[in-house]
$ cat my_file_23.cif   # mmCIF, N, CA and C atoms
data_query
loop_
_atom_site.label_atom_id
_atom_site.label_comp_id
_atom_site.auth_asym_id
_atom_site.auth_seq_id
_atom_site.Cartn_x
_atom_site.Cartn_y
_atom_site.Cartn_z
N MET H 1 111.63 -11.12 -71.15
CA MET H 1 112.60 -10.86 -70.10
C MET H 1 112.52 -9.38 -69.72
N ASP H 2 112.61 -9.12 -68.45
CA ASP H 2 112.58 -7.77 -67.91
C ASP H 2 113.98 -7.17 -68.05
N LEU H 3 114.21 -6.34 -69.07
CA LEU H 3 115.54 -5.78 -69.29
C LEU H 3 115.87 -4.66 -68.31
N GLY H 4 114.88 -4.19 -67.57
CA GLY H 4 115.14 -3.25 -66.49
C GLY H 4 115.81 -3.95 -65.32
N HIS H 5 115.46 -5.23 -65.13
CA HIS H 5 116.01 -6.08 -64.07
C HIS H 5 116.22 -7.48 -64.64
N PRO H 6 117.17 -7.65 -65.56
CA PRO H 6 117.30 -8.94 -66.24
C PRO H 6 117.65 -10.10 -65.34
N VAL H 7 118.26 -9.84 -64.19
CA VAL H 7 118.62 -10.92 -63.28
C VAL H 7 117.38 -11.68 -62.80
N ARG H 8 116.23 -11.02 -62.82
CA ARG H 8 115.00 -11.67 -62.37
C ARG H 8 114.59 -12.85 -63.25
N ALA H 9 115.18 -12.96 -64.43
CA ALA H 9 114.89 -14.10 -65.30
C ALA H 9 115.35 -15.40 -64.65
N VAL H 10 116.39 -15.32 -63.82
CA VAL H 10 116.91 -16.52 -63.17
C VAL H 10 116.91 -16.43 -61.65
N VAL H 11 116.81 -15.22 -61.10
CA VAL H 11 116.77 -15.02 -59.64
C VAL H 11 115.57 -14.12 -59.35
N PRO H 12 114.36 -14.69 -59.22
CA PRO H 12 113.16 -13.87 -59.09
C PRO H 12 112.99 -13.18 -57.74
N SER H 13 113.77 -13.55 -56.74
CA SER H 13 113.64 -12.94 -55.42
C SER H 13 114.38 -11.61 -55.36
N LEU H 14 114.32 -10.96 -54.23
CA LEU H 14 115.03 -9.70 -54.00
C LEU H 14 116.54 -9.88 -54.08
N ASP H 15 117.02 -11.10 -53.92
CA ASP H 15 118.46 -11.38 -54.02
C ASP H 15 119.03 -10.88 -55.34
N GLY H 16 118.30 -11.08 -56.42
CA GLY H 16 118.78 -10.69 -57.75
C GLY H 16 119.07 -9.21 -57.86
N PRO H 17 118.10 -8.33 -57.57
CA PRO H 17 118.38 -6.90 -57.65
C PRO H 17 119.47 -6.44 -56.68
N VAL H 18 119.54 -7.04 -55.50
CA VAL H 18 120.58 -6.67 -54.54
C VAL H 18 121.95 -7.05 -55.09
N LEU H 19 122.09 -8.27 -55.61
CA LEU H 19 123.36 -8.69 -56.20
C LEU H 19 123.73 -7.84 -57.40
N THR H 20 122.74 -7.47 -58.22
CA THR H 20 123.00 -6.62 -59.37
C THR H 20 123.55 -5.28 -58.93
N ALA H 21 122.92 -4.67 -57.94
CA ALA H 21 123.38 -3.37 -57.43
C ALA H 21 124.80 -3.48 -56.89
N LEU H 22 125.08 -4.51 -56.11
CA LEU H 22 126.41 -4.67 -55.53
C LEU H 22 127.47 -4.95 -56.59
N ALA H 23 127.13 -5.71 -57.62
CA ALA H 23 128.10 -6.05 -58.66
C ALA H 23 128.54 -4.82 -59.44
N LYS H 24 127.71 -3.79 -59.46
CA LYS H 24 128.05 -2.56 -60.20
C LYS H 24 128.81 -1.54 -59.36
N LEU H 25 128.93 -1.80 -58.06
CA LEU H 25 129.60 -0.85 -57.17
C LEU H 25 131.11 -0.95 -57.25
N THR H 26 131.77 0.18 -57.02
CA THR H 26 133.23 0.18 -56.92
C THR H 26 133.68 0.45 -55.50
N VAL H 27 132.76 0.88 -54.65
CA VAL H 27 133.07 1.12 -53.24
C VAL H 27 131.95 0.52 -52.39
N PRO H 28 132.27 0.08 -51.17
CA PRO H 28 131.22 -0.46 -50.28
C PRO H 28 130.17 0.60 -49.96
N MET H 29 128.93 0.15 -49.77
CA MET H 29 127.83 1.05 -49.42
C MET H 29 127.02 0.47 -48.27
N SER H 30 126.35 1.36 -47.57
CA SER H 30 125.49 0.92 -46.47
C SER H 30 124.26 0.22 -47.03
N GLY H 31 123.57 -0.49 -46.15
CA GLY H 31 122.36 -1.18 -46.55
C GLY H 31 121.31 -0.23 -47.10
N ARG H 32 121.19 0.95 -46.50
CA ARG H 32 120.23 1.94 -46.99
C ARG H 32 120.59 2.44 -48.39
N GLU H 33 121.89 2.63 -48.63
CA GLU H 33 122.33 3.06 -49.96
C GLU H 33 122.06 1.97 -51.00
N VAL H 34 122.29 0.72 -50.63
CA VAL H 34 122.00 -0.39 -51.54
C VAL H 34 120.49 -0.43 -51.81
N ALA H 35 119.68 -0.25 -50.78
CA ALA H 35 118.22 -0.24 -50.96
C ALA H 35 117.80 0.88 -51.91
N ARG H 36 118.44 2.03 -51.81
CA ARG H 36 118.13 3.15 -52.71
C ARG H 36 118.47 2.78 -54.15
N LEU H 37 119.60 2.07 -54.35
CA LEU H 37 119.97 1.64 -55.70
C LEU H 37 119.00 0.61 -56.25
N VAL H 38 118.55 -0.30 -55.40
CA VAL H 38 117.59 -1.32 -55.82
C VAL H 38 116.27 -0.64 -56.19
N GLY H 39 115.85 0.31 -55.37
CA GLY H 39 114.72 1.16 -55.69
C GLY H 39 113.33 0.58 -55.50
N THR H 40 113.19 -0.71 -55.48
CA THR H 40 111.86 -1.31 -55.41
C THR H 40 111.64 -2.12 -54.14
N ALA H 41 112.52 -1.95 -53.16
CA ALA H 41 112.42 -2.76 -51.94
C ALA H 41 112.64 -1.90 -50.72
N SER H 42 112.14 -2.37 -49.61
CA SER H 42 112.33 -1.64 -48.36
C SER H 42 113.76 -1.84 -47.85
N PRO H 43 114.28 -0.87 -47.12
CA PRO H 43 115.60 -1.05 -46.51
C PRO H 43 115.67 -2.30 -45.63
N ALA H 44 114.60 -2.61 -44.93
CA ALA H 44 114.59 -3.80 -44.07
C ALA H 44 114.70 -5.08 -44.91
N GLY H 45 113.99 -5.12 -46.02
CA GLY H 45 114.07 -6.28 -46.91
C GLY H 45 115.45 -6.46 -47.50
N VAL H 46 116.03 -5.35 -47.94
CA VAL H 46 117.39 -5.39 -48.49
C VAL H 46 118.37 -5.83 -47.41
N GLN H 47 118.19 -5.34 -46.18
CA GLN H 47 119.08 -5.71 -45.09
C GLN H 47 119.03 -7.21 -44.82
N ARG H 48 117.84 -7.80 -44.86
CA ARG H 48 117.72 -9.25 -44.66
C ARG H 48 118.48 -10.01 -45.74
N VAL H 49 118.36 -9.56 -46.99
CA VAL H 49 119.08 -10.21 -48.09
C VAL H 49 120.59 -10.04 -47.91
N LEU H 50 121.03 -8.84 -47.57
CA LEU H 50 122.46 -8.61 -47.36
C LEU H 50 123.02 -9.51 -46.26
N THR H 51 122.30 -9.61 -45.17
CA THR H 51 122.75 -10.46 -44.06
C THR H 51 122.88 -11.91 -44.51
N ARG H 52 121.91 -12.39 -45.26
CA ARG H 52 121.97 -13.77 -45.75
C ARG H 52 123.12 -13.96 -46.73
N LEU H 53 123.32 -13.00 -47.64
CA LEU H 53 124.40 -13.11 -48.62
C LEU H 53 125.78 -13.02 -47.98
N VAL H 54 125.89 -12.27 -46.89
CA VAL H 54 127.15 -12.26 -46.12
C VAL H 54 127.40 -13.66 -45.57
N GLY H 55 126.35 -14.29 -45.03
CA GLY H 55 126.47 -15.66 -44.52
C GLY H 55 126.87 -16.66 -45.59
N GLU H 56 126.44 -16.41 -46.83
CA GLU H 56 126.79 -17.28 -47.95
C GLU H 56 128.20 -17.01 -48.47
N GLY H 57 128.77 -15.85 -48.10
CA GLY H 57 130.11 -15.50 -48.55
C GLY H 57 130.15 -14.73 -49.86
N VAL H 58 128.98 -14.48 -50.46
CA VAL H 58 128.93 -13.76 -51.73
C VAL H 58 129.14 -12.27 -51.51
N VAL H 59 128.78 -11.79 -50.33
CA VAL H 59 128.89 -10.38 -49.97
C VAL H 59 129.79 -10.25 -48.75
N THR H 60 130.58 -9.20 -48.73
CA THR H 60 131.41 -8.91 -47.56
C THR H 60 130.87 -7.67 -46.86
N VAL H 61 131.15 -7.57 -45.57
CA VAL H 61 130.70 -6.44 -44.78
C VAL H 61 131.88 -5.89 -44.00
N GLU H 62 131.92 -4.58 -43.89
CA GLU H 62 132.94 -3.92 -43.08
C GLU H 62 132.31 -2.74 -42.35
N ARG H 63 132.85 -2.41 -41.21
CA ARG H 63 132.34 -1.29 -40.42
C ARG H 63 132.99 0.00 -40.87
N ARG H 64 132.17 1.02 -41.11
CA ARG H 64 132.65 2.36 -41.45
C ARG H 64 131.76 3.37 -40.76
N ARG H 65 132.32 4.15 -39.87
CA ARG H 65 131.57 5.23 -39.20
C ARG H 65 130.20 4.79 -38.71
N ASN H 66 130.13 3.89 -37.81
CA ASN H 66 128.86 3.45 -37.21
C ASN H 66 127.91 2.77 -38.18
N ALA H 67 128.35 2.43 -39.37
CA ALA H 67 127.46 1.77 -40.32
C ALA H 67 128.17 0.56 -40.93
N ALA H 68 127.41 -0.46 -41.20
CA ALA H 68 127.94 -1.61 -41.92
C ALA H 68 127.89 -1.27 -43.40
N CYS H 69 128.99 -1.50 -44.09
CA CYS H 69 129.05 -1.24 -45.53
C CYS H 69 129.30 -2.55 -46.26
N TYR H 70 128.60 -2.72 -47.35
CA TYR H 70 128.58 -3.99 -48.06
C TYR H 70 129.19 -3.86 -49.45
N SER H 71 129.83 -4.94 -49.88
CA SER H 71 130.32 -5.03 -51.25
C SER H 71 130.29 -6.49 -51.66
N VAL H 72 130.29 -6.71 -52.95
CA VAL H 72 130.30 -8.07 -53.45
C VAL H 72 131.70 -8.64 -53.22
N ASN H 73 131.77 -9.91 -52.90
CA ASN H 73 133.04 -10.58 -52.68
C ASN H 73 133.65 -10.90 -54.04
N ARG H 74 134.63 -10.12 -54.45
CA ARG H 74 135.24 -10.26 -55.77
C ARG H 74 136.00 -11.57 -55.94
N ASN H 75 136.24 -12.29 -54.86
CA ASN H 75 136.94 -13.57 -54.93
C ASN H 75 135.99 -14.76 -54.94
N HIS H 76 134.70 -14.51 -54.85
CA HIS H 76 133.73 -15.61 -54.78
C HIS H 76 133.62 -16.30 -56.14
N LEU H 77 133.52 -17.60 -56.10
CA LEU H 77 133.43 -18.41 -57.32
C LEU H 77 132.23 -18.03 -58.18
N ALA H 78 131.14 -17.59 -57.57
CA ALA H 78 129.92 -17.26 -58.32
C ALA H 78 129.95 -15.86 -58.92
N LEU H 79 130.95 -15.05 -58.59
CA LEU H 79 130.94 -13.66 -59.04
C LEU H 79 130.87 -13.51 -60.56
N PRO H 80 131.61 -14.27 -61.36
CA PRO H 80 131.47 -14.08 -62.81
C PRO H 80 130.04 -14.25 -63.30
N THR H 81 129.31 -15.19 -62.73
CA THR H 81 127.92 -15.39 -63.11
C THR H 81 127.06 -14.21 -62.69
N VAL H 82 127.28 -13.71 -61.49
CA VAL H 82 126.55 -12.55 -61.00
C VAL H 82 126.80 -11.35 -61.92
N GLU H 83 128.05 -11.15 -62.33
CA GLU H 83 128.37 -10.01 -63.20
C GLU H 83 127.73 -10.14 -64.57
N VAL H 84 127.69 -11.34 -65.12
CA VAL H 84 127.02 -11.55 -66.41
C VAL H 84 125.55 -11.16 -66.28
N LEU H 85 124.89 -11.61 -65.23
CA LEU H 85 123.48 -11.28 -65.03
C LEU H 85 123.29 -9.79 -64.79
N ALA H 86 124.20 -9.17 -64.06
CA ALA H 86 124.08 -7.74 -63.75
C ALA H 86 124.21 -6.88 -65.00
N HIS H 87 124.89 -7.39 -66.00
CA HIS H 87 125.18 -6.58 -67.19
C HIS H 87 124.49 -7.11 -68.46
N LEU H 88 123.38 -7.80 -68.31
CA LEU H 88 122.68 -8.34 -69.48
C LEU H 88 122.20 -7.25 -70.42
N ARG H 89 121.72 -6.15 -69.91
CA ARG H 89 121.25 -5.07 -70.78
C ARG H 89 122.38 -4.54 -71.63
N ARG H 90 123.54 -4.33 -70.99
CA ARG H 90 124.71 -3.85 -71.72
C ARG H 90 125.11 -4.85 -72.81
N GLU H 91 125.03 -6.14 -72.49
CA GLU H 91 125.35 -7.18 -73.47
C GLU H 91 124.37 -7.16 -74.64
N LEU H 92 123.09 -6.96 -74.37
CA LEU H 92 122.10 -6.86 -75.45
C LEU H 92 122.44 -5.70 -76.37
N LEU H 93 122.73 -4.54 -75.80
CA LEU H 93 123.06 -3.37 -76.62
C LEU H 93 124.34 -3.62 -77.43
N HIS H 94 125.30 -4.30 -76.84
CA HIS H 94 126.54 -4.63 -77.54
C HIS H 94 126.24 -5.55 -78.73
N ARG H 95 125.38 -6.53 -78.54
CA ARG H 95 125.04 -7.45 -79.63
C ARG H 95 124.27 -6.75 -80.74
N ILE H 96 123.39 -5.83 -80.37
CA ILE H 96 122.68 -5.04 -81.38
C ILE H 96 123.69 -4.24 -82.20
N GLU H 97 124.64 -3.62 -81.52
CA GLU H 97 125.67 -2.84 -82.20
C GLU H 97 126.48 -3.72 -83.16
N GLU H 98 126.88 -4.90 -82.71
CA GLU H 98 127.63 -5.82 -83.58
C GLU H 98 126.82 -6.23 -84.81
N LEU H 99 125.54 -6.50 -84.60
CA LEU H 99 124.68 -6.88 -85.71
C LEU H 99 124.60 -5.75 -86.74
N ILE H 100 124.40 -4.54 -86.27
CA ILE H 100 124.29 -3.39 -87.18
C ILE H 100 125.60 -3.20 -87.95
N ARG H 101 126.72 -3.39 -87.29
CA ARG H 101 128.02 -3.25 -87.97
C ARG H 101 128.24 -4.32 -89.02
N SER H 102 127.55 -5.44 -88.90
CA SER H 102 127.73 -6.53 -89.86
C SER H 102 126.92 -6.32 -91.14
N TRP H 103 126.02 -5.36 -91.15
CA TRP H 103 125.18 -5.13 -92.32
C TRP H 103 126.03 -4.63 -93.49
N ALA H 104 125.67 -5.04 -94.70
CA ALA H 104 126.41 -4.64 -95.90
C ALA H 104 126.31 -3.14 -96.16
N VAL H 105 125.18 -2.58 -95.86
CA VAL H 105 124.99 -1.14 -96.05
C VAL H 105 125.32 -0.43 -94.75
N PRO H 106 126.29 0.50 -94.76
CA PRO H 106 126.65 1.21 -93.52
C PRO H 106 125.47 1.99 -92.95
N VAL H 107 125.39 1.99 -91.65
CA VAL H 107 124.31 2.68 -90.96
C VAL H 107 124.86 3.98 -90.39
N GLU H 108 124.21 5.08 -90.69
CA GLU H 108 124.65 6.37 -90.15
C GLU H 108 124.17 6.58 -88.73
N THR H 109 122.94 6.17 -88.46
CA THR H 109 122.37 6.37 -87.14
C THR H 109 121.51 5.17 -86.76
N ALA H 110 121.69 4.74 -85.54
CA ALA H 110 120.83 3.70 -84.98
C ALA H 110 120.53 4.13 -83.55
N ALA H 111 119.34 3.85 -83.11
CA ALA H 111 118.97 4.29 -81.77
C ALA H 111 118.02 3.30 -81.12
N VAL H 112 118.14 3.21 -79.81
CA VAL H 112 117.12 2.52 -79.03
C VAL H 112 116.29 3.63 -78.39
N PHE H 113 115.05 3.33 -78.12
CA PHE H 113 114.18 4.35 -77.56
C PHE H 113 113.19 3.71 -76.62
N GLY H 114 112.41 4.53 -76.00
CA GLY H 114 111.35 4.04 -75.12
C GLY H 114 111.90 3.35 -73.89
N SER H 115 111.22 2.29 -73.50
CA SER H 115 111.56 1.62 -72.25
C SER H 115 112.95 0.98 -72.30
N LEU H 116 113.40 0.52 -73.44
CA LEU H 116 114.75 -0.05 -73.54
C LEU H 116 115.80 1.04 -73.28
N ALA H 117 115.62 2.19 -73.85
CA ALA H 117 116.57 3.29 -73.63
C ALA H 117 116.56 3.74 -72.17
N ARG H 118 115.40 3.70 -71.54
CA ARG H 118 115.30 4.12 -70.14
C ARG H 118 115.73 3.04 -69.16
N GLY H 119 115.98 1.83 -69.65
CA GLY H 119 116.36 0.74 -68.77
C GLY H 119 115.18 0.14 -68.04
N ARG H 120 113.99 0.25 -68.62
CA ARG H 120 112.78 -0.27 -67.97
C ARG H 120 112.01 -1.26 -68.84
N ALA H 121 112.66 -1.78 -69.87
CA ALA H 121 111.97 -2.67 -70.80
C ALA H 121 111.56 -3.97 -70.10
N ARG H 122 110.35 -4.38 -70.37
CA ARG H 122 109.85 -5.65 -69.81
C ARG H 122 109.46 -6.54 -70.94
#
$ encode --input "my_file_23.cif" --output "structure tokens"
Amino acid sequence: MDLGHPVRAVVPSLDGPVLTALAKLTVPMSGREVARLVGTASPAGVQRVLTRLVGEGVVTVERRRNAACYSVNRNHLALPTVEVLAHLRRELLHRIEELIRSWAVPVETAAVFGSLARGRAR
């Protein structure tokens, strides 16, 4: 599983990274800003996904200063699933921490490193 983009395990299209980026936002962002967060797609590609997701009701759009700003629809039935997928890396780290705490011998230091620490593990 690609822990840099874990949503791709179940949503291999650009929809997955776009939904992941939106699920982590606390304020609406323009399509270009969302594309910058996704990092691996063109603004035009991200815009096509955003437009489709608005049509599906998973994403909402509002006008702000000559730009359309997007956010995930917090009332959508699918949102809990989207959030679980968006935070799989955090869940993995939480489970590692719980496992270490369960050991009989106390651990003074534990660390992740390399691609997992950088959020790029594949």
$ select_by_dssp --input "my_file_23.cif" --residues "range 20-119 of chain H" --states "helix (DSSP H, G or I)" --output "ChimeraX atom specification"
/H:20-23,31-38,43-56,79-86,88-102,114-118
$ closest_residue --input "my_file_23.cif" --among "H:Pro28, H:Pro43, H:Pro106, H:Pro17" --to "Thr60 in chain H" --atoms "all atoms listed in the file"
H:Pro28
$ residues_around --input "my_file_23.cif" --residues "range 67-83 of chain H" --least-positions-apart "3" --cutoff "5 Å" --atoms "all atoms listed in the file" --output "list of chain:residue names"
H:Leu22, H:Pro28, H:Met29, H:Ser30, H:Val58, H:Val59, H:Thr60, H:Val61, H:Glu62, H:Arg63, H:Arg64, H:Ala86, H:His87
$ atom_distance --input "my_file_23.cif" --atom1 "atom C of Val10 in chain H" --atom2 "atom N of Leu85 in chain H"
10.0 Å
$ select_by_dssp --input "my_file_23.cif" --residues "range 61-95 of chain H" --states "strand (DSSP E or B)" --output "ChimeraX atom specification"
/H:61-64,67-72
$ write_last_selection --input "my_file_23.cif" --atoms "N, CA and C atoms" --output "JSON list (two decimals), keeping the file's coordinate frame"
[["chain", "number", "residue", "atom", "x", "y", "z"],
["H", 61, "VAL", "N", 131.15, -7.57, -45.57],
["H", 61, "VAL", "CA", 130.70, -6.44, -44.78],
["H", 61, "VAL", "C", 131.88, -5.89, -44.00],
["H", 62, "GLU", "N", 131.92, -4.58, -43.89],
["H", 62, "GLU", "CA", 132.94, -3.92, -43.08],
["H", 62, "GLU", "C", 132.31, -2.74, -42.35],
["H", 63, "ARG", "N", 132.85, -2.41, -41.21],
["H", 63, "ARG", "CA", 132.34, -1.29, -40.42],
["H", 63, "ARG", "C", 132.99, 0.00, -40.87],
["H", 64, "ARG", "N", 132.17, 1.02, -41.11],
["H", 64, "ARG", "CA", 132.65, 2.36, -41.45],
["H", 64, "ARG", "C", 131.76, 3.37, -40.76],
["H", 67, "ALA", "N", 128.35, 2.43, -39.37],
["H", 67, "ALA", "CA", 127.46, 1.77, -40.32],
["H", 67, "ALA", "C", 128.17, 0.56, -40.93],
["H", 68, "ALA", "N", 127.41, -0.46, -41.20],
["H", 68, "ALA", "CA", 127.94, -1.61, -41.92],
["H", 68, "ALA", "C", 127.89, -1.27, -43.40],
["H", 69, "CYS", "N", 128.99, -1.50, -44.09],
["H", 69, "CYS", "CA", 129.05, -1.24, -45.53],
["H", 69, "CYS", "C", 129.30, -2.55, -46.26],
["H", 70, "TYR", "N", 128.60, -2.72, -47.35],
["H", 70, "TYR", "CA", 128.58, -3.99, -48.06],
["H", 70, "TYR", "C", 129.19, -3.86, -49.45],
["H", 71, "SER", "N", 129.83, -4.94, -49.88],
["H", 71, "SER", "CA", 130.32, -5.03, -51.25],
["H", 71, "SER", "C", 130.29, -6.49, -51.66],
["H", 72, "VAL", "N", 130.29, -6.71, -52.95],
["H", 72, "VAL", "CA", 130.30, -8.07, -53.45],
["H", 72, "VAL", "C", 131.70, -8.64, -53.22]]
$ atom_distance --input "my_file_23.cif" --atom1 "CA of Ala23 in chain H" --atom2 "CA of Leu53 in chain H"
12.8 Å
$ closest_residue --input "my_file_23.cif" --among "H:Val54, H:Gly119, H:Leu19, H:Val112" --to "Arg89 in chain H" --atoms "all atoms listed in the file"
H:Gly119
$ axis_aligned_box --input "my_file_23.cif" --around "range 26-36 of chain H" --padding-each-side "6 Å" --output "lines of an AutoDock Vina configuration file"
center_x = 125.7
center_y = 1.0
center_z = -51.6
size_x = 27.9
size_y = 16.3
size_z = 22.9
$ atom_distance --input "my_file_23.cif" --atom1 "CA of Leu14 in chain H" --atom2 "CA of Leu93 in chain H"
24.8 Å
$ resolve_selection --input "my_file_23.cif" --expression "the PyMOL selection byres (((chain H and resi 37 and name CA) around 10) and name CA)" --output "list of chain:residue names"
H:Pro17, H:Val18, H:Thr20, H:Ala21, H:Leu22, H:Gly31, H:Arg32, H:Glu33, H:Val34, H:Ala35, H:Arg36, H:Val38, H:Gly39, H:Thr40, H:Ala41
$ build_atoms --input "my_file_23.cif" --residues "range 33-50 of chain H" --atoms "N, CA, C and O atoms" --output "JSON list (two decimals), in the frame of the given file"
[["chain", "number", "residue", "atom", "x", "y", "z"],
["H", 33, "GLU", "N", 121.89, 2.63, -48.63],
["H", 33, "GLU", "CA", 122.33, 3.06, -49.96],
["H", 33, "GLU", "C", 122.06, 1.97, -51.00],
["H", 33, "GLU", "O", 121.63, 2.27, -52.11],
["H", 34, "VAL", "N", 122.29, 0.72, -50.63],
["H", 34, "VAL", "CA", 122.00, -0.39, -51.54],
["H", 34, "VAL", "C", 120.49, -0.43, -51.81],
["H", 34, "VAL", "O", 120.07, -0.59, -52.96],
["H", 35, "ALA", "N", 119.68, -0.25, -50.78],
["H", 35, "ALA", "CA", 118.22, -0.24, -50.96],
["H", 35, "ALA", "C", 117.80, 0.88, -51.91],
["H", 35, "ALA", "O", 116.91, 0.69, -52.74],
["H", 36, "ARG", "N", 118.44, 2.03, -51.81],
["H", 36, "ARG", "CA", 118.13, 3.15, -52.71],
["H", 36, "ARG", "C", 118.47, 2.78, -54.15],
["H", 36, "ARG", "O", 117.75, 3.10, -55.08],
["H", 37, "LEU", "N", 119.60, 2.07, -54.35],
["H", 37, "LEU", "CA", 119.97, 1.64, -55.70],
["H", 37, "LEU", "C", 119.00, 0.61, -56.25],
["H", 37, "LEU", "O", 118.66, 0.64, -57.43],
["H", 38, "VAL", "N", 118.55, -0.30, -55.40],
["H", 38, "VAL", "CA", 117.59, -1.32, -55.82],
["H", 38, "VAL", "C", 116.27, -0.64, -56.19],
["H", 38, "VAL", "O", 115.66, -0.95, -57.20],
["H", 39, "GLY", "N", 115.85, 0.31, -55.37],
["H", 39, "GLY", "CA", 114.72, 1.16, -55.69],
["H", 39, "GLY", "C", 113.33, 0.58, -55.50],
["H", 39, "GLY", "O", 112.37, 1.31, -55.39],
["H", 40, "THR", "N", 113.19, -0.71, -55.48],
["H", 40, "THR", "CA", 111.86, -1.31, -55.41],
["H", 40, "THR", "C", 111.64, -2.12, -54.14],
["H", 40, "THR", "O", 110.70, -2.89, -54.07],
["H", 41, "ALA", "N", 112.52, -1.95, -53.16],
["H", 41, "ALA", "CA", 112.42, -2.76, -51.94],
["H", 41, "ALA", "C", 112.64, -1.90, -50.72],
["H", 41, "ALA", "O", 113.27, -0.85, -50.79],
["H", 42, "SER", "N", 112.14, -2.37, -49.61],
["H", 42, "SER", "CA", 112.33, -1.64, -48.36],
["H", 42, "SER", "C", 113.76, -1.84, -47.85],
["H", 42, "SER", "O", 114.39, -2.87, -48.13],
["H", 43, "PRO", "N", 114.28, -0.87, -47.12],
["H", 43, "PRO", "CA", 115.60, -1.05, -46.51],
["H", 43, "PRO", "C", 115.67, -2.30, -45.63],
["H", 43, "PRO", "O", 116.68, -3.00, -45.63],
["H", 44, "ALA", "N", 114.60, -2.61, -44.93],
["H", 44, "ALA", "CA", 114.59, -3.80, -44.07],
["H", 44, "ALA", "C", 114.70, -5.08, -44.91],
["H", 44, "ALA", "O", 115.43, -6.01, -44.55],
["H", 45, "GLY", "N", 113.99, -5.12, -46.02],
["H", 45, "GLY", "CA", 114.07, -6.28, -46.91],
["H", 45, "GLY", "C", 115.45, -6.46, -47.50],
["H", 45, "GLY", "O", 115.99, -7.56, -47.56],
["H", 46, "VAL", "N", 116.03, -5.35, -47.94],
["H", 46, "VAL", "CA", 117.39, -5.39, -48.49],
["H", 46, "VAL", "C", 118.37, -5.83, -47.41],
["H", 46, "VAL", "O", 119.28, -6.63, -47.67],
["H", 47, "GLN", "N", 118.19, -5.34, -46.18],
["H", 47, "GLN", "CA", 119.08, -5.71, -45.09],
["H", 47, "GLN", "C", 119.03, -7.21, -44.82],
["H", 47, "GLN", "O", 120.06, -7.85, -44.58],
["H", 48, "ARG", "N", 117.84, -7.80, -44.86],
["H", 48, "ARG", "CA", 117.72, -9.25, -44.66],
["H", 48, "ARG", "C", 118.48, -10.01, -45.74],
["H", 48, "ARG", "O", 119.19, -10.98, -45.46],
["H", 49, "VAL", "N", 118.36, -9.56, -46.99],
["H", 49, "VAL", "CA", 119.08, -10.21, -48.09],
["H", 49, "VAL", "C", 120.59, -10.04, -47.91],
["H", 49, "VAL", "O", 121.34, -11.01, -48.07],
["H", 50, "LEU", "N", 121.03, -8.84, -47.57],
["H", 50, "LEU", "CA", 122.46, -8.61, -47.36],
["H", 50, "LEU", "C", 123.02, -9.51, -46.26],
["H", 50, "LEU", "O", 124.09, -10.10, -46.43]]
